[in-house]
Every structure is written in C-alpha cells, then in structure tokens.
file model.tsv (TSV, C-alpha atoms and all ligand atoms)
chain	number	residue	atom	x	y	z
N	1	MET	CA	94.38	72.58	61.98
N	2	GLY	CA	92.85	70.86	64.99
N	3	ILE	CA	96.03	71.29	66.99
N	4	VAL	CA	96.31	74.95	66.12
N	5	LEU	CA	92.72	75.48	67.14
N	6	GLN	CA	93.33	73.74	70.44
N	7	ALA	CA	96.35	75.87	71.12
N	8	ASP	CA	94.31	78.94	70.30
N	9	THR	CA	91.51	77.96	72.61
N	10	ALA	CA	93.95	77.17	75.40
N	11	GLU	CA	95.60	80.53	74.97
N	12	LEU	CA	92.26	82.28	75.02
N	13	GLU	CA	91.35	80.50	78.20
N	14	ILE	CA	94.57	81.54	79.88
N	15	GLN	CA	94.01	85.08	78.70
N	16	SER	CA	90.49	85.21	79.98
N	17	LYS	CA	91.64	83.97	83.36
N	18	GLN	CA	94.13	86.74	83.81
N	19	PRO	CA	92.53	89.17	86.22
N	20	VAL	CA	91.99	92.71	85.01
N	21	LEU	CA	91.99	95.88	87.07
N	22	ALA	CA	91.12	99.28	85.63
N	23	ILE	CA	92.21	102.47	87.35
N	24	LEU	CA	89.27	104.82	87.08
N	25	THR	CA	89.78	108.52	86.52
N	26	VAL	CA	88.23	111.35	84.51
N	27	ASP	CA	89.26	112.56	81.11
N	28	ASP	CA	91.12	115.78	80.52
N	29	GLU	CA	91.10	117.85	77.35
N	30	ILE	CA	94.80	118.56	77.36
N	31	GLN	CA	96.46	115.55	78.95
N	32	MET	CA	93.93	112.80	78.07
N	33	PHE	CA	93.23	111.85	81.69
N	34	ARG	CA	93.70	113.31	85.17
N	35	GLY	CA	95.40	111.91	88.22
N	36	ASN	CA	98.83	111.09	89.54
N	37	ARG	CA	100.50	109.56	86.49
N	38	SER	CA	103.51	108.16	88.30
N	39	ASN	CA	101.19	106.42	90.76
N	40	PHE	CA	99.23	104.95	87.85
N	41	ALA	CA	102.44	103.76	86.16
N	42	ASP	CA	103.55	102.13	89.44
N	43	LEU	CA	100.19	100.38	89.71
N	44	ILE	CA	100.44	99.04	86.16
N	45	GLN	CA	103.92	97.72	86.90
N	46	ALA	CA	103.02	96.19	90.28
N	47	GLY	CA	99.86	94.67	88.83
N	48	GLY	CA	101.89	92.98	86.11
N	49	GLU	CA	104.09	91.39	88.77
N	50	HIS	CA	100.97	90.00	90.45
N	51	GLY	CA	99.58	88.59	87.18
N	52	PHE	CA	97.08	91.36	86.55
N	53	ILE	CA	96.34	93.33	83.41
N	54	VAL	CA	96.12	96.93	84.61
N	55	TYR	CA	95.13	100.01	82.64
N	56	VAL	CA	93.77	103.49	83.13
N	57	VAL	CA	90.19	104.11	82.07
N	58	THR	CA	88.24	107.35	82.11
N	59	VAL	CA	84.61	107.62	83.16
N	60	LYS	CA	83.77	108.29	79.51
N	61	GLN	CA	85.66	105.22	78.28
N	62	LEU	CA	84.04	102.96	80.86
N	63	LYS	CA	81.06	101.47	79.06
N	64	LEU	CA	79.49	98.85	81.27
N	65	THR	CA	77.98	96.69	78.56
N	66	ARG	CA	81.09	96.29	76.38
N	67	LYS	CA	83.51	93.36	76.24
N	68	GLN	CA	86.46	95.60	75.49
N	69	LEU	CA	87.26	99.15	76.48
N	70	ASP	CA	89.59	101.86	75.31
N	71	GLY	CA	92.11	102.67	77.99
N	72	PHE	CA	95.66	103.85	78.57
N	73	THR	CA	98.84	102.08	79.42
N	74	PHE	CA	102.32	103.38	80.07
N	75	ASP	CA	104.97	102.46	77.56
N	76	ALA	CA	108.22	102.50	79.53
N	77	SER	CA	110.42	102.36	76.41
N	78	THR	CA	109.04	105.64	75.04
N	79	GLU	CA	107.99	106.95	78.45
N	80	SER	CA	104.59	107.83	77.09
N	81	TRP	CA	100.97	106.92	77.62
N	82	VAL	CA	99.31	105.07	74.80
N	83	MET	CA	95.67	104.32	74.13
N	84	GLN	CA	94.67	100.79	73.22
N	85	LYS	CA	91.91	98.22	73.68
N	86	PHE	CA	91.74	96.23	76.90
N	87	PRO	CA	89.47	93.49	78.23
N	88	PHE	CA	86.58	94.62	80.40
N	89	PRO	CA	87.85	94.83	84.02
N	90	ASP	CA	86.98	92.55	86.93
N	91	LEU	CA	87.97	95.25	89.39
N	92	ILE	CA	87.74	99.02	89.13
N	93	TYR	CA	90.01	101.04	91.39
N	94	ASN	CA	88.61	104.54	91.81
N	95	ARG	CA	91.40	107.14	91.70
N	96	ILE	CA	89.40	110.13	90.46
N	97	PRO	CA	91.66	112.81	91.89
N	98	LEU	CA	89.31	115.66	92.79
N	99	ARG	CA	86.11	115.86	94.78
N	100	GLU	CA	84.70	118.32	92.26
N	101	ASP	CA	85.15	115.77	89.48
N	102	GLU	CA	83.56	113.03	91.53
N	103	LEU	CA	80.49	115.22	92.08
N	104	LEU	CA	79.77	115.77	88.36
N	105	PRO	CA	76.41	114.17	87.48
N	106	GLU	CA	77.84	111.90	84.76
N	107	VAL	CA	80.55	110.69	87.13
N	108	LYS	CA	78.14	110.07	89.98
N	109	GLN	CA	75.86	108.12	87.67
N	110	LYS	CA	78.68	105.96	86.37
N	111	ILE	CA	79.91	105.16	89.87
N	112	ALA	CA	76.38	104.29	90.99
N	113	ALA	CA	76.03	102.03	87.93
N	114	CYS	CA	79.34	100.30	88.74
N	115	MET	CA	78.19	99.63	92.29
N	116	LYS	CA	75.06	97.92	91.02
N	117	ASN	CA	76.77	95.99	88.25
N	118	PRO	CA	77.60	92.36	89.08
N	119	ARG	CA	80.31	92.26	86.38
N	120	VAL	CA	82.67	94.50	88.33
N	121	LYS	CA	83.78	95.18	91.85
N	122	LEU	CA	84.47	98.81	92.61
N	123	PHE	CA	87.30	99.64	95.00
N	124	ASN	CA	86.84	102.93	96.91
N	125	PRO	CA	83.45	104.34	95.93
N	126	ALA	CA	84.04	107.98	96.96
N	127	PHE	CA	85.91	110.56	99.00
N	128	PHE	CA	84.91	110.93	102.66
N	129	ASN	CA	83.81	114.21	104.10
N	130	LYS	CA	85.12	115.24	107.50
N	131	TRP	CA	81.70	115.65	109.10
N	132	SER	CA	80.41	112.18	108.13
N	133	LEU	CA	83.57	110.61	109.51
N	134	PHE	CA	82.91	112.10	112.92
N	135	LYS	CA	79.29	111.01	112.86
N	136	TRP	CA	80.33	107.43	112.09
N	137	LEU	CA	83.06	107.33	114.72
N	138	ARG	CA	80.79	108.77	117.38
N	139	MET	CA	78.38	105.87	116.88
N	140	SER	CA	80.69	103.30	118.44
N	141	LYS	CA	82.06	103.09	121.98
N	142	SER	CA	85.22	101.57	120.50
N	143	THR	CA	86.10	104.75	118.59
N	144	GLN	CA	84.55	107.52	120.73
N	145	PRO	CA	87.65	107.99	122.90
N	146	PHE	CA	89.79	108.97	119.90
N	147	ILE	CA	87.71	111.74	118.40
N	148	PRO	CA	88.20	115.36	119.43
N	149	THR	CA	84.97	117.27	120.14
N	150	THR	CA	83.75	118.30	116.70
N	151	ARG	CA	80.81	120.49	115.63
N	152	ARG	CA	79.66	121.98	112.39
N	153	MET	CA	80.66	125.63	112.35
N	154	LEU	CA	77.26	127.21	111.72
N	155	THR	CA	76.83	130.23	113.97
N	156	GLN	CA	78.82	132.68	116.01
N	157	GLY	CA	76.88	131.57	119.08
N	158	GLY	CA	77.79	127.95	118.49
N	159	LEU	CA	81.45	128.78	118.11
N	160	GLY	CA	81.37	130.92	121.26
N	161	LYS	CA	79.82	128.07	123.22
N	162	MET	CA	82.53	125.69	122.06
N	163	MET	CA	85.19	128.12	123.19
N	164	ILE	CA	83.94	128.08	126.77
N	165	LYS	CA	85.19	124.52	127.01
N	166	HIS	CA	88.02	124.50	124.48
N	167	LYS	CA	90.38	127.46	124.37
N	168	PHE	CA	92.15	126.05	121.33
N	169	LEU	CA	90.19	125.13	118.20
N	170	TYR	CA	90.86	123.94	114.66
N	171	LEU	CA	88.52	125.13	111.91
N	172	LYS	CA	88.58	122.91	108.84
N	173	PRO	CA	86.65	122.81	105.57
N	174	ILE	CA	84.42	119.72	105.46
N	175	SER	CA	85.72	118.80	102.01
N	176	GLY	CA	89.23	120.07	102.51
N	177	LYS	CA	92.58	118.51	101.85
N	178	ALA	CA	96.27	119.27	102.13
N	179	GLY	CA	95.74	121.91	104.78
N	180	LYS	CA	93.74	124.21	102.50
N	181	GLY	CA	91.53	126.65	104.39
N	182	ILE	CA	92.55	125.41	107.85
N	183	MET	CA	92.53	127.95	110.70
N	184	THR	CA	93.11	127.82	114.44
N	185	ILE	CA	91.69	129.93	117.23
N	186	GLN	CA	93.39	130.41	120.56
N	187	LEU	CA	91.54	132.17	123.36
N	188	GLN	CA	93.80	133.98	125.82
N	189	PRO	CA	91.36	135.82	128.13
N	190	GLU	CA	94.09	137.75	129.96
N	191	LYS	CA	95.22	139.53	126.80
N	192	PRO	CA	93.75	142.86	125.56
N	193	LEU	CA	93.01	141.17	122.21
N	194	PRO	CA	92.06	137.73	123.50
N	195	TYR	CA	91.15	135.95	120.25
N	196	ARG	CA	94.08	134.84	118.16
N	197	LEU	CA	93.15	133.51	114.72
N	198	LYS	CA	95.78	131.78	112.59
N	199	ILE	CA	95.14	131.11	108.94
N	200	GLN	CA	97.16	128.59	106.98
N	201	ALA	CA	98.78	130.23	103.97
N	202	ASP	CA	101.17	128.50	101.57
N	203	LYS	CA	103.94	127.51	103.94
N	204	LYS	CA	103.33	129.80	106.86
N	205	SER	CA	100.36	130.96	108.87
N	206	ILE	CA	99.02	134.48	109.15
N	207	THR	CA	97.89	135.70	112.57
N	208	TYR	CA	95.06	138.11	113.45
N	209	ASN	CA	94.30	139.22	116.97
N	210	CYS	CA	90.76	140.37	117.70
N	211	GLY	CA	89.11	141.95	120.74
N	212	THR	CA	85.61	140.51	120.34
N	213	ILE	CA	84.02	137.32	119.09
N	214	ASN	CA	81.99	139.47	116.67
N	215	LYS	CA	85.11	140.64	114.93
N	216	LEU	CA	86.54	137.13	115.01
N	217	TRP	CA	83.41	135.74	113.35
N	218	VAL	CA	83.45	138.37	110.58
N	219	ARG	CA	87.07	137.52	109.82
N	220	ILE	CA	86.40	133.77	109.82
N	221	LYS	CA	83.45	134.19	107.48
N	222	LYS	CA	85.58	136.29	105.15
N	223	GLU	CA	88.34	133.66	105.12
N	224	SER	CA	86.08	130.63	104.75
N	225	THR	CA	84.68	131.89	101.42
N	226	GLY	CA	81.37	130.07	101.56
N	227	GLU	CA	82.87	126.63	102.31
N	228	ARG	CA	81.20	124.44	104.94
N	229	TYR	CA	83.41	124.06	108.00
N	230	ILE	CA	83.79	121.99	111.15
N	231	ALA	CA	85.13	123.40	114.41
N	232	GLN	CA	87.21	120.95	116.37
N	233	GLN	CA	88.87	120.77	119.76
N	234	GLY	CA	92.54	121.55	119.19
N	235	ILE	CA	94.99	118.94	120.41
N	236	GLN	CA	98.37	119.96	121.84
N	237	LEU	CA	100.45	117.62	119.74
N	238	ALA	CA	103.61	115.98	120.97
N	239	SER	CA	106.65	117.65	119.47
N	240	PHE	CA	110.19	117.08	118.32
N	241	ASN	CA	112.65	119.99	118.44
N	242	GLU	CA	109.66	122.20	119.26
N	243	ARG	CA	107.85	121.16	116.09
N	244	SER	CA	104.54	119.30	116.34
N	245	PHE	CA	104.28	115.96	114.65
N	246	ASP	CA	101.48	113.59	113.78
N	247	LEU	CA	101.16	110.08	112.40
N	248	ARG	CA	99.83	108.76	109.11
N	249	ALA	CA	98.65	105.17	109.11
N	250	LEU	CA	97.93	103.37	105.87
N	251	VAL	CA	95.26	100.71	106.41
N	252	GLN	CA	94.39	98.28	103.63
N	253	LYS	CA	92.64	94.96	103.22
N	254	ASN	CA	95.10	92.10	102.88
N	255	GLN	CA	95.20	88.78	100.99
N	256	ARG	CA	92.73	87.30	103.49
N	257	GLY	CA	90.29	90.18	103.06
N	258	GLN	CA	91.03	91.58	106.51
N	259	TRP	CA	92.02	95.12	107.50
N	260	ASP	CA	95.75	95.33	108.07
N	261	ILE	CA	98.31	98.08	108.68
N	262	SER	CA	100.55	98.61	105.66
N	263	GLY	CA	102.65	101.18	107.44
N	264	ILE	CA	102.77	104.08	109.83
N	265	GLY	CA	104.68	107.22	108.92
N	266	ALA	CA	105.18	110.52	110.71
N	267	ARG	CA	105.04	114.13	109.55
N	268	VAL	CA	106.73	116.95	111.43
N	269	ALA	CA	105.19	120.41	111.02
N	270	GLY	CA	107.09	123.23	109.36
N	271	SER	CA	108.14	125.76	111.99
N	272	LEU	CA	105.61	128.34	110.79
N	273	SER	CA	102.76	126.05	109.81
N	274	ILE	CA	99.65	124.94	111.74
N	275	THR	CA	99.56	121.63	109.85
N	276	THR	CA	102.14	118.94	109.16
N	277	HIS	CA	101.70	118.68	105.37
N	278	VAL	CA	104.95	118.28	103.48
N	279	PRO	CA	104.03	120.84	100.77
N	280	ARG	CA	103.50	123.32	103.62
N	281	GLY	CA	107.01	122.99	104.97
N	282	GLY	CA	106.45	119.76	106.93
N	283	SER	CA	108.83	116.84	106.68
N	284	ILE	CA	108.75	113.06	106.81
N	285	ASP	CA	110.31	111.32	109.75
N	286	ASP	CA	110.47	108.01	111.56
N	287	PRO	CA	107.58	107.58	114.04
N	288	GLU	CA	109.64	105.45	116.40
N	289	LYS	CA	112.39	108.05	116.66
N	290	LEU	CA	109.93	110.88	117.29
N	291	LEU	CA	107.95	108.94	119.87
N	292	ILE	CA	111.10	107.82	121.70
N	293	SER	CA	112.33	111.39	121.85
N	294	ALA	CA	108.98	112.63	123.21
N	295	PHE	CA	108.09	109.75	125.56
N	296	GLY	CA	111.13	107.49	126.08
N	297	HIS	CA	111.73	103.95	124.79
N	298	GLU	CA	109.21	101.97	126.78
N	299	GLU	CA	106.27	104.34	126.36
N	300	ALA	CA	107.10	104.78	122.66
N	301	ARG	CA	106.87	101.04	122.06
N	302	LYS	CA	103.48	100.90	123.81
N	303	LEU	CA	102.27	103.90	121.82
N	304	LEU	CA	103.21	102.31	118.51
N	305	VAL	CA	101.23	99.17	119.37
N	306	LYS	CA	98.32	101.33	120.52
N	307	THR	CA	98.44	103.38	117.30
N	308	HIS	CA	98.41	100.18	115.28
N	309	ASN	CA	95.37	98.80	117.11
N	310	THR	CA	93.55	102.12	117.14
N	311	ALA	CA	94.00	102.55	113.38
N	312	LEU	CA	92.45	99.13	112.76
N	313	THR	CA	89.52	99.81	115.10
N	314	ILE	CA	88.86	103.14	113.38
N	315	ALA	CA	89.08	101.70	109.85
N	316	LYS	CA	86.55	99.00	110.73
N	317	GLN	CA	84.13	101.53	112.20
N	318	ILE	CA	84.47	103.84	109.18
N	319	GLU	CA	83.65	100.94	106.90
N	320	ARG	CA	80.65	100.04	109.04
N	321	GLY	CA	79.46	103.66	109.21
N	322	SER	CA	79.88	104.29	105.50
N	323	ARG	CA	77.93	101.12	104.63
N	324	ARG	CA	80.21	100.59	101.70
N	325	ARG	CA	82.86	98.08	100.92
N	326	LEU	CA	86.18	99.86	101.39
N	327	VAL	CA	89.62	98.62	100.44
N	328	GLU	CA	92.03	101.13	101.88
N	329	MET	CA	92.30	104.43	103.67
N	330	SER	CA	94.94	106.56	105.30
N	331	LEU	CA	94.36	107.96	108.76
N	332	ASP	CA	95.78	111.15	110.21
N	333	LEU	CA	96.33	110.54	113.90
N	334	GLY	CA	97.73	112.84	116.55
N	335	VAL	CA	99.51	111.96	119.77
N	336	ASP	CA	99.06	114.59	122.48
N	337	GLN	CA	101.63	115.55	125.07
N	338	GLU	CA	100.16	113.04	127.54
N	339	GLY	CA	100.40	110.18	125.05
N	340	ASN	CA	96.71	109.97	124.08
N	341	ILE	CA	95.88	109.13	120.48
N	342	TRP	CA	93.48	111.34	118.49
N	343	PHE	CA	91.80	110.91	115.13
N	344	PHE	CA	91.90	113.90	112.74
N	345	GLU	CA	90.73	112.52	109.44
N	346	ALA	CA	90.66	109.61	107.04
N	347	ASN	CA	91.38	109.76	103.32
N	348	ALA	CA	89.55	107.34	101.05
N	349	LYS	CA	92.15	107.86	98.34
N	350	PRO	CA	95.46	107.81	100.14
N	351	MET	CA	98.30	109.78	98.65
N	352	LYS	CA	101.51	107.98	97.76
N	353	PHE	CA	103.55	107.24	100.86
N	354	ASP	CA	107.14	108.29	100.32
N	355	GLU	CA	108.55	105.69	102.71
N	356	PRO	CA	109.78	103.00	100.24
N	357	ASP	CA	108.74	99.96	102.32
N	358	ILE	CA	105.23	101.32	102.90
N	359	ARG	CA	104.95	102.27	99.25
N	360	LYS	CA	105.89	98.77	98.07
N	361	ARG	CA	103.50	97.08	100.48
N	362	SER	CA	100.68	99.46	99.53
N	363	LEU	CA	100.96	98.54	95.84
N	364	ASP	CA	101.25	94.80	96.53
N	365	ARG	CA	98.23	94.81	98.82
N	366	ILE	CA	95.90	96.20	96.15
N	367	PHE	CA	96.55	93.12	94.02
N	368	GLN	CA	96.73	90.63	96.88
N	369	TYR	CA	93.31	91.80	98.00
N	370	GLY	CA	92.23	91.82	94.34
N	371	HIS	CA	93.11	88.11	94.05
N	372	TYR	CA	91.23	87.41	97.26
N	373	VAL	CA	88.07	89.16	96.01
N	374	LEU	CA	88.16	87.46	92.63
N	375	ASN	CA	88.78	83.99	94.07
N	376	LYS	CA	85.90	84.48	96.43
N	377	LYS	CA	83.70	85.56	93.55
N	378	ALA	CA	84.76	82.58	91.45
N	379	GLY	CA	84.18	80.25	94.41
N	380	LYS	CA	80.70	81.56	94.92
N	381	LYS	CA	79.84	81.15	91.26
N	382	GLY	CA	81.00	77.56	91.34
N	383	ALA	CA	78.86	76.77	94.35
N	384	VAL	CA	75.65	78.15	92.90
I	401	LIG	N1	92.03	119.10	116.13
I	401	LIG	C1	93.29	119.23	115.83
I	401	LIG	N2	94.24	119.44	116.79
I	401	LIG	C2	95.55	119.56	116.48
I	401	LIG	N3	96.04	119.46	115.23
I	401	LIG	C3	95.17	119.26	114.22
I	401	LIG	C4	93.76	119.13	114.47
I	401	LIG	N4	93.15	118.92	113.29
I	401	LIG	C5	94.12	118.95	112.35
I	401	LIG	N5	95.32	119.14	112.89
I	401	LIG	C6	96.61	119.22	112.17
I	401	LIG	O1	96.36	119.67	110.86
I	401	LIG	C7	96.64	118.64	109.91
I	401	LIG	C8	95.62	118.69	108.80
I	401	LIG	O2	94.35	118.39	109.28
I	401	LIG	P1	93.41	117.38	108.50
I	401	LIG	O3	92.16	117.23	109.30
I	401	LIG	O4	94.16	116.15	108.17
I	401	LIG	O5	93.06	118.23	107.19
I	401	LIG	P2	93.51	118.09	105.64
I	401	LIG	O6	92.35	117.45	104.97
I	401	LIG	O7	93.70	119.47	105.15
I	401	LIG	O8	94.73	117.21	105.59
I	401	LIG	C9	96.65	117.36	110.71
I	401	LIG	O9	97.44	116.38	110.09
I	401	LIG	C10	97.22	117.84	112.03
I	401	LIG	O10	98.62	117.98	111.97
I	402	MG	MG	95.05	115.36	106.39
call {"tool": "encode", "arguments": {"input": "model.tsv", "output": "structure tokens"}}
result
Amino acid sequence: MGIVLQADTAELEIQSKQPVLAILTVDDEIQMFRGNRSNFADLIQAGGEHGFIVYVVTVKQLKLTRKQLDGFTFDASTESWVMQKFPFPDLIYNRIPLREDELLPEVKQKIAACMKNPRVKLFNPAFFNKWSLFKWLRMSKSTQPFIPTTRRMLTQGGLGKMMIKHKFLYLKPISGKAGKGIMTIQLQPEKPLPYRLKIQADKKSITYNCGTINKLWVRIKKESTGERYIAQQGIQLASFNERSFDLRALVQKNQRGQWDISGIGARVAGSLSITTHVPRGGSIDDPEKLLISAFGHEEARKLLVKTHNTALTIAKQIERGSRRRLVEMSLDLGVDQEGNIWFFEANAKPMKFDEPDIRKRSLDRIFQYGHYVLNKKAGKKGAV
C-alpha cells in the first residue's frame, strides 16, 4: 500500500511539473472554436516534443479560478478534435483570430483578467493597430529613419497637404489585414486627369482617374466605407522581373528571453496587385535571390544584415511603446530602389510562415521561450 501510494505521489509530482500551455481562442457555434486548426494542431504536436501539455481553450472555457478546464485536443488517429479536461495552464497563448472577436466585451474582460492574474502568463495580449505602431516608432531616434511619413486620413485638406510632398501615397485601414481596403494615389500633374486612385480588389487593382481632389476625396470616402484610415508615403519598392517585393521578418523571444530573428521571407507582388499578399496573386520567394538580383551580391549581403538588425530594433521599440510583454511579431518591411529599409506594419499574431525552416523554428521558439519564462517564475518563487 505504502509503495503504491509513493508511486502515485511521485507520478502526481511529475505530472504537476509538466508545463501547460493553452491556446486561447473564441468559441464558434458550428465548429466548436475558431482559428487556424492546422496551426493549433502543429502547436500541440511541437509542444509535446518540448515536454508541454498543449490544448485549445475558448474564452468561455477559460475559468480563472478552476484547477481544471475543458479544452480541445487533436486526435491524430481519428483526425478529429476532441473535448476533454486539462490542467489549468501556466501559459496562455492568445490566437483569437479576428479583431472583432477580440473587441467583444466578454473577451476584453477575460484578457484583462488574465493579465492581472498571477497564476498565468499571457502571450500576445492583443492585435496592434497601424496608427499606434507609427506613434510608438516615431518616439525613438533608433526607429524614426525606417518609418514612411504617416498621417491619419481625416480630411480632404490634410490629404491634399500630404500630396504636395508625396506624389505617391498608400491609404490603409487602421485595423486592416491581408490587403483589404488598401488603395494608392499617384499624382501626375502633367496629365489631364492628374489623380490616379488604385483600389485593391481580390487579385487585381481597379483604377480611377480623377481631375480634382474633390472628386478623388468623394471616391475615397465611398470606398473606405466608414473605416478609419492612415495615409502613408508610398515607397518605390525594389523589384524582381518588374514585380515589387517586400520582406517579412518573424521576430520572437528565444530561450534566453531575448528578441531574435526566426526567419526572413520575401513576397513578390502579383503583376496586377498593389500589395504582395499571396492570396492576392503574390508569391513566396527567397530574399537573398531577390536582393542579389536587384542590388548585386555584396550590397545584398549588407542589406540582409541591415534588415536583421532593423527588425530587432523595431521589435524592441514596439514592445517598449506598447508597454506590454510581447513574445513574437512579424514585420512587413520594404526595401526601396536605393536600398533603404522601410517599415510597413507589424502583426501581433503572425500568420504561419510557409518556409519550412522558419515554420519549424517559430513553433520551437514558443516553447523554448515558454520554458524560460516558467523557469524564471519558479526561480523567483524559490527566492522569496
Ligand atoms: N507605404 C507603402 N509603400 C509601398 N508599399 C506599401 C506601403 N504600405 C504597404 N505597402 C505594400 O502593401 C502591403 C500591405 O500593406 P500592410 O501595411 O502590410 O497592410 P495589411 O495589413 O493589409 O497587410 C505591404 O506588404 C507592401 O507590399
Ligand atoms: Mg501586411
């Protein structure tokens, strides 16, 4: 009896030491929970390899006073998601997929409660909005050189003033993603219809030429459907086979708790698109190849190092500006035809990178950083 009891206690102890990470999302009437299921399944698998128990939990299932929670795991043998009980998590990884969901009062409250709760550490508190990012990056001399001139698009007068200095502008919804709602304006004063407005449609862009800024403004207002927008200096991106490309850097905290580059990918624009998004006809390519073709070997090597360092500087400043603990972000960076690097946006919930090496590293890093955070926490407890 005594021996059995000992064995039981030992097992319990081992179990309780296994770190637990819950992937936070919102529930869904039809499919139980929302979010990228294959990403969640990959996280569960990678977590297992790093000694973690990983499961999906919805905001509703996350009850902060319980010892156990209902959650979902992926059963590979039946290829289905099953609900079961799991231990309360040490770490919560926020992957709520949509901004709208994150703004629901019950979701906001739960996230705020998680941030205050000493039992859990929350990874990635919320989406960024494009305007805040620019405010934060303007605050530091280290990041100022990389940000295009950016204003909120509030009035026709304001837009007109911006166009005196910048003949090429990007208009972007503050809470946008995946190229939705993006427009460009090109001012060509010598033409009879000098204002050229391009609007991103599914895979192509639609062009309107207008004679006056009044007409341009009416059209923009009609297209922007009440969304808040920023107007931004347009950058003439470097190109490959006459297609613009930009860079995507994935920046994550590593096993020492420091910001680190997990990978840099490149996206080449579709021939008819004003953005480089893959669903809009863009394609994935190798940054080194593209940079060599645009700038030659030596300059390309320097640019890659510069991109690496710039991405780290920007990530640190975003974390400082946001006054929140962040774990990862992806950065959209442009390289102009002169070889200057420009910041376009940061995503607090990076999409899956399709490059296999970056993908693998990105999954591993979540858990390596997870171990770091939990060891630090345990260390602190011991010292007190
Ligand atoms: N100021 C700009 N100058 C040139 N290209 C831009 C500019 N802003 C955005 N782009 C292009 O459009 C893409 C989408 O812009 P981004 O700000 O990332 O919006 P989204 O949230 O829709 O991804 C960028 O990756 C880049 O290719
Ligand atoms: Mg983007």
call {"tool": "atom_distance", "arguments": {"input": "model.tsv", "atom1": "atom CA of Ile284 of chain N", "atom2": "atom CA of Lys203 of chain N"}}
result
15.5 Å
call {"tool": "atom_distance", "arguments": {"input": "model.tsv", "atom1": "atom CA of Leu272 of chain N", "atom2": "atom O2 of ligand LIG 401 (chain I)"}}
result
15.1 Å
call {"tool": "residues_near_ligand", "arguments": {"input": "model.tsv", "ligand": "ligand MG 402 (chain I)", "cutoff": "7 Å", "atoms": "all atoms listed in the file", "output": "PyMOL selection string"}}
result
chain N and resi 177-179+332+345
call {"tool": "residues_near_ligand", "arguments": {"input": "model.tsv", "ligand": "ligand LIG 401 (chain I)", "cutoff": "8 Å", "atoms": "only C-alpha atoms and all ligand atoms", "output": "ChimeraX atom specification"}}
result
/N:130,148,169-173,175-182,232-237,244-247,267,269,274-277,332-334,344-347
call {"tool": "write_last_selection", "arguments": {"input": "model.tsv", "atoms": "C-alpha atoms", "output": "PDB file, in the frame of the given file"}}
result
ATOM      1  CA  LYS N 130      85.120 115.240 107.500  1.00  0.00           C
ATOM      2  CA  PRO N 148      88.200 115.360 119.430  1.00  0.00           C
ATOM      3  CA  LEU N 169      90.190 125.130 118.200  1.00  0.00           C
ATOM      4  CA  TYR N 170      90.860 123.940 114.660  1.00  0.00           C
ATOM      5  CA  LEU N 171      88.520 125.130 111.910  1.00  0.00           C
ATOM      6  CA  LYS N 172      88.580 122.910 108.840  1.00  0.00           C
ATOM      7  CA  PRO N 173      86.650 122.810 105.570  1.00  0.00           C
ATOM      8  CA  SER N 175      85.720 118.800 102.010  1.00  0.00           C
ATOM      9  CA  GLY N 176      89.230 120.070 102.510  1.00  0.00           C
ATOM     10  CA  LYS N 177      92.580 118.510 101.850  1.00  0.00           C
ATOM     11  CA  ALA N 178      96.270 119.270 102.130  1.00  0.00           C
ATOM     12  CA  GLY N 179      95.740 121.910 104.780  1.00  0.00           C
ATOM     13  CA  LYS N 180      93.740 124.210 102.500  1.00  0.00           C
ATOM     14  CA  GLY N 181      91.530 126.650 104.390  1.00  0.00           C
ATOM     15  CA  ILE N 182      92.550 125.410 107.850  1.00  0.00           C
ATOM     16  CA  GLN N 232      87.210 120.950 116.370  1.00  0.00           C
ATOM     17  CA  GLN N 233      88.870 120.770 119.760  1.00  0.00           C
ATOM     18  CA  GLY N 234      92.540 121.550 119.190  1.00  0.00           C
ATOM     19  CA  ILE N 235      94.990 118.940 120.410  1.00  0.00           C
ATOM     20  CA  GLN N 236      98.370 119.960 121.840  1.00  0.00           C
ATOM     21  CA  LEU N 237     100.450 117.620 119.740  1.00  0.00           C
ATOM     22  CA  SER N 244     104.540 119.300 116.340  1.00  0.00           C
ATOM     23  CA  PHE N 245     104.280 115.960 114.650  1.00  0.00           C
ATOM     24  CA  ASP N 246     101.480 113.590 113.780  1.00  0.00           C
ATOM     25  CA  LEU N 247     101.160 110.080 112.400  1.00  0.00           C
ATOM     26  CA  ARG N 267     105.040 114.130 109.550  1.00  0.00           C
ATOM     27  CA  ALA N 269     105.190 120.410 111.020  1.00  0.00           C
ATOM     28  CA  ILE N 274      99.650 124.940 111.740  1.00  0.00           C
ATOM     29  CA  THR N 275      99.560 121.630 109.850  1.00  0.00           C
ATOM     30  CA  THR N 276     102.140 118.940 109.160  1.00  0.00           C
ATOM     31  CA  HIS N 277     101.700 118.680 105.370  1.00  0.00           C
ATOM     32  CA  ASP N 332      95.780 111.150 110.210  1.00  0.00           C
ATOM     33  CA  LEU N 333      96.330 110.540 113.900  1.00  0.00           C
ATOM     34  CA  GLY N 334      97.730 112.840 116.550  1.00  0.00           C
ATOM     35  CA  PHE N 344      91.900 113.900 112.740  1.00  0.00           C
ATOM     36  CA  GLU N 345      90.730 112.520 109.440  1.00  0.00           C
ATOM     37  CA  ALA N 346      90.660 109.610 107.040  1.00  0.00           C
ATOM     38  CA  ASN N 347      91.380 109.760 103.320  1.00  0.00           C
TER      39      ASN N 347
END
call {"tool": "residues_around", "arguments": {"input": "model.tsv", "residues": "segment 106-116 of chain N", "least_positions_apart": "3", "cutoff": "8 Å", "atoms": "only C-alpha atoms", "output": "ChimeraX atom specification"}}
result
/N:59,64,101-103,120-122,125
call {"tool": "residues_around", "arguments": {"input": "model.tsv", "residues": "Tyr93 of chain N", "least_positions_apart": "4", "cutoff": "8 Å", "atoms": "only C-alpha atoms", "output": "list of chain:residue names"}}
result
N:Leu21, N:Ala22, N:Ile23, N:Leu24, N:Leu122, N:Phe123, N:Asn124
call {"tool": "residues_near_point", "arguments": {"input": "model.tsv", "point": "(91.7, 143.1, 116.3)", "cutoff": "12 Å", "atoms": "only C-alpha atoms", "output": "number ranges by chain"}}
result
N: 191-197, 207-219
call {"tool": "closest_residue", "arguments": {"input": "model.tsv", "among": "N:Asp27, N:Asp354, N:Asp90, N:Glu288", "to": "Val57 of chain N", "atoms": "all atoms listed in the file"}}
result
N:Asp27
